[in-house]
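Asker: Pasting a structure below so you can have a look.
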Amino acid sequence: MADNFIDKTKAQGSEKQESQLNRLRSWAKSESNARIRDEVLWYEIQLYKDGDHYVIIPERARTSGGNIRVQAVTRRKGEIQRTYNKIRPLLRALKSTVTSTGIRWEVPGGSDEEVMGSNYLNWYVDHKPHFQEVVGDVNDYGFSRSVGYFDVYWDSTKAEPMVMARDPFDLLMDKYGKYARRTYTMRKEDFMEMRDAEGVALFEKTDELRTTNKHSASEIFDNYLRNKRETSNPKDDKLEDVMVEEFHILEQKEDGKFQVRIITTTEESIVINKEEVYDDDELRFIAYYPERRPGYHLNEPWLKDALDPQKSLDNMYTHFEEFIRTLGKGRIMKRKGGFLDRISDKDGQIVEFEGEKPEFIQPTSLTGDQFNFDTKVEAMLEDVMGIHPSQQRKTETARGISFLIAQDETNVSESAMNMKNSLVKVGQRLLKFVDKHMMASQDIFWFKDGQKQTAQIIGGQAGNVPEGVVRLGNVEALTVDLVPKGAFAALLREEKIMKLVEMGILSSPDVIVSGLNIGNVREIVDKEMAFRQQQAEQQSQMEQARATQPTQPDEATQNKEALREAIEGLKKP
């Protein structure tokens, strides 16, 4: 009888958990099916980024789920296929417009406490090397997936706020901002043994965990990763992976305020391994869209328009090499039914035949139109991407380069502005977590007017605050400034130098030239400086010569003296 005893309380709790998980998974399945077309396009763009341009994606993959296998394009014997991958360097150029900047938060006209909050954010960015990498990854996801996500959360193990980039393939977001599901793989052993800062296990009920061979919960992205990686299962079950599901739900409480509930489980499990609740009025994932379109939850990726010009560029590249090979080796016309064999060695080719002598066909030459088309396609590819690195390289004058850089900055200005808006939300969320969870003081420092400033900060919810430690609250009036570096910084510096010249603060030609960094005309400027010095020396010598010569009266003075002497002579008797 004891073996058949059922704890009704536990049974009801288990049924409630199973029902709740089934409801959440039903939403996730519906959301995943609705974006299959988007994921297939992300998949295709990812392949083109990698240089896998000669592949076939089954058409059924765009309308339904299932196991999707990439098939290579079948090649004829002796056929070549070349790839001139422009998408990857153009993507790097797009990312550099934001990632080559220094991120600075500030509170215009704020209180001392708010200014201290911005000082903490700037200190956080400078002392977290991964932060700039996170910004770069979110940019990459934004341009190639149409959206990238900042994940800002409090790490209870490290006792500090964290910012991570999340791939949309592994993150489902409700367009109403109420539900989200994040999936990731973790070693089974780590899932069972993870502890927080106080040594308490993060996950419970880990006795029956189902392992997985999948790399991603998305079937489409899992197919991509399987084609990229060789997988082998370890002999020890604890060293295998589990697929973790993390559901985020925005709920409204009875008092009208909001809270976020996070439920953590594993794939296909009916057990909740962790459940936590914290007060907040929005989910912690912050979206970044390089380009926004009204009425669209998921825009078409920025890189989509580059696929067709890239295909044309590959075809032209292949055609040119095929022509060069044919031109170098020649072409033979073999009559039907005749026998022809080719023997190749290091010195050339020997063609043997029987019967009539085959006819040699002289290859035609390439025309200028083909090269012009190739150059035009490259320019078109840069146009649809919104940035022109090849045109900048071909421009010789400094003014032309500056103009093209400014044009590119204008083309991608929306993506930079949207990144600023997303970073403002990131800063606000960082300070929100500091306010709630930082219970121990943190030393920070910054520089003002060339002088190092130091301070100690602590969260606003902390109890006993030591003397001299500043509380940090939730700062709403944040702004973000992206300080240019590299080519953009050069333009900004030149503008500032010219303003200082106009104000009369700078007058030395050598200092002005150094500030403008115009090295390509520096030799001419040096010649001008030498010429001015020579002119000044000649002028100085002439003035010294005049000073040593006796003064000779001019003609008017001599006439006056003669007239005066004549008058004096008439007066004498």
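Chain labels A, B, ... are given in the sequence in which chains occur in the structure tokens; within each chain residues are numbered consecutively from 1, and ligands are likewise numbered from 1 in the order shown.
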Can you list, as a list in words, every protein, DNA or RNA residue that comes within 10 Å of Glu321 in chain A when you count only C-alpha atoms, leaving out same-chain residues fewer than 6 positions away?
Answerer: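 The filter keeps Ile80, Gln81, Arg82 and Leu327 of chain A.
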Asker: For range 464-474 of chain A, please output as a list in words all residues within 10 Å (counting only C-alpha atoms; exclusion window: fewer than 6 positions along the same chain).
Answerer: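 Once the nearby chain positions are removed, what remains is Asp112, Glu113, Glu114, Val115, Met116, Gly117, Ser118, Tyr120, Gly427, Gln428, Arg429, Leu430, Leu431, Lys432, Phe433, Val434, Asp435, Lys436, Met438, Met439, Ala440, Ser441, Gln442, Asp443, Ala455, Gln456, Ile457 and Ile458 of chain A.
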Asker: Rank A:Leu21, A:Leu41, A:Ile272, A:Val135 by their smallest atom-to-atom distance to Thr101 in chain A, using only C-alpha atoms, and report the top residue only.
Answerer: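 Closest to Thr101 in chain A, using only C-alpha atoms: A:Val135.
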Asker: Choose the residue, out of A:Arg325, A:Arg35, A:Arg75, A:Lys420, that has the smallest atom-to-atom separation from Ile103 in chain A; count only C-alpha atoms.
Answerer: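 Of A:Arg325, A:Arg35, A:Arg75, A:Lys420, the one nearest Ile103 in chain A is A:Lys420, counting only C-alpha atoms.
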Asker: So that I can see what lies close to Phe221 in chain A, please list as a VMD selection string the residues with an atom at most 8 Å from it, counting only C-alpha atoms and leaving out residues fewer than 5 positions away in the same chain.
Answerer: chain A and resid 39 43 169 216
Asker: In range 123-319 of chain A, what's alpha helix (DSSP H) per DSSP? Answer as a PyMOL selection string?
Answerer: chain A and resi 123-126+130-145+188-193+219-228+307-319
Asker: For Trp302 in chain A, which residue among A:Glu230, A:Asp174, A:Asp383, A:Glu502 is the nearest when counting only C-alpha atoms?
Answerer: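 The answer is A:Asp383, which sits nearest to Trp302 in chain A.
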Asker: From a DSSP calculation on the backbone, collect every residue of range 86-315 of chain A in strand (DSSP E or B) and output the set as an NGL selection string.
Answerer: :A and (102-106 or 148-155 or 160-166 or 171-173 or 179-187 or 195 or 201 or 212 or 241-252 or 258-266 or 274-279 or 285-288)
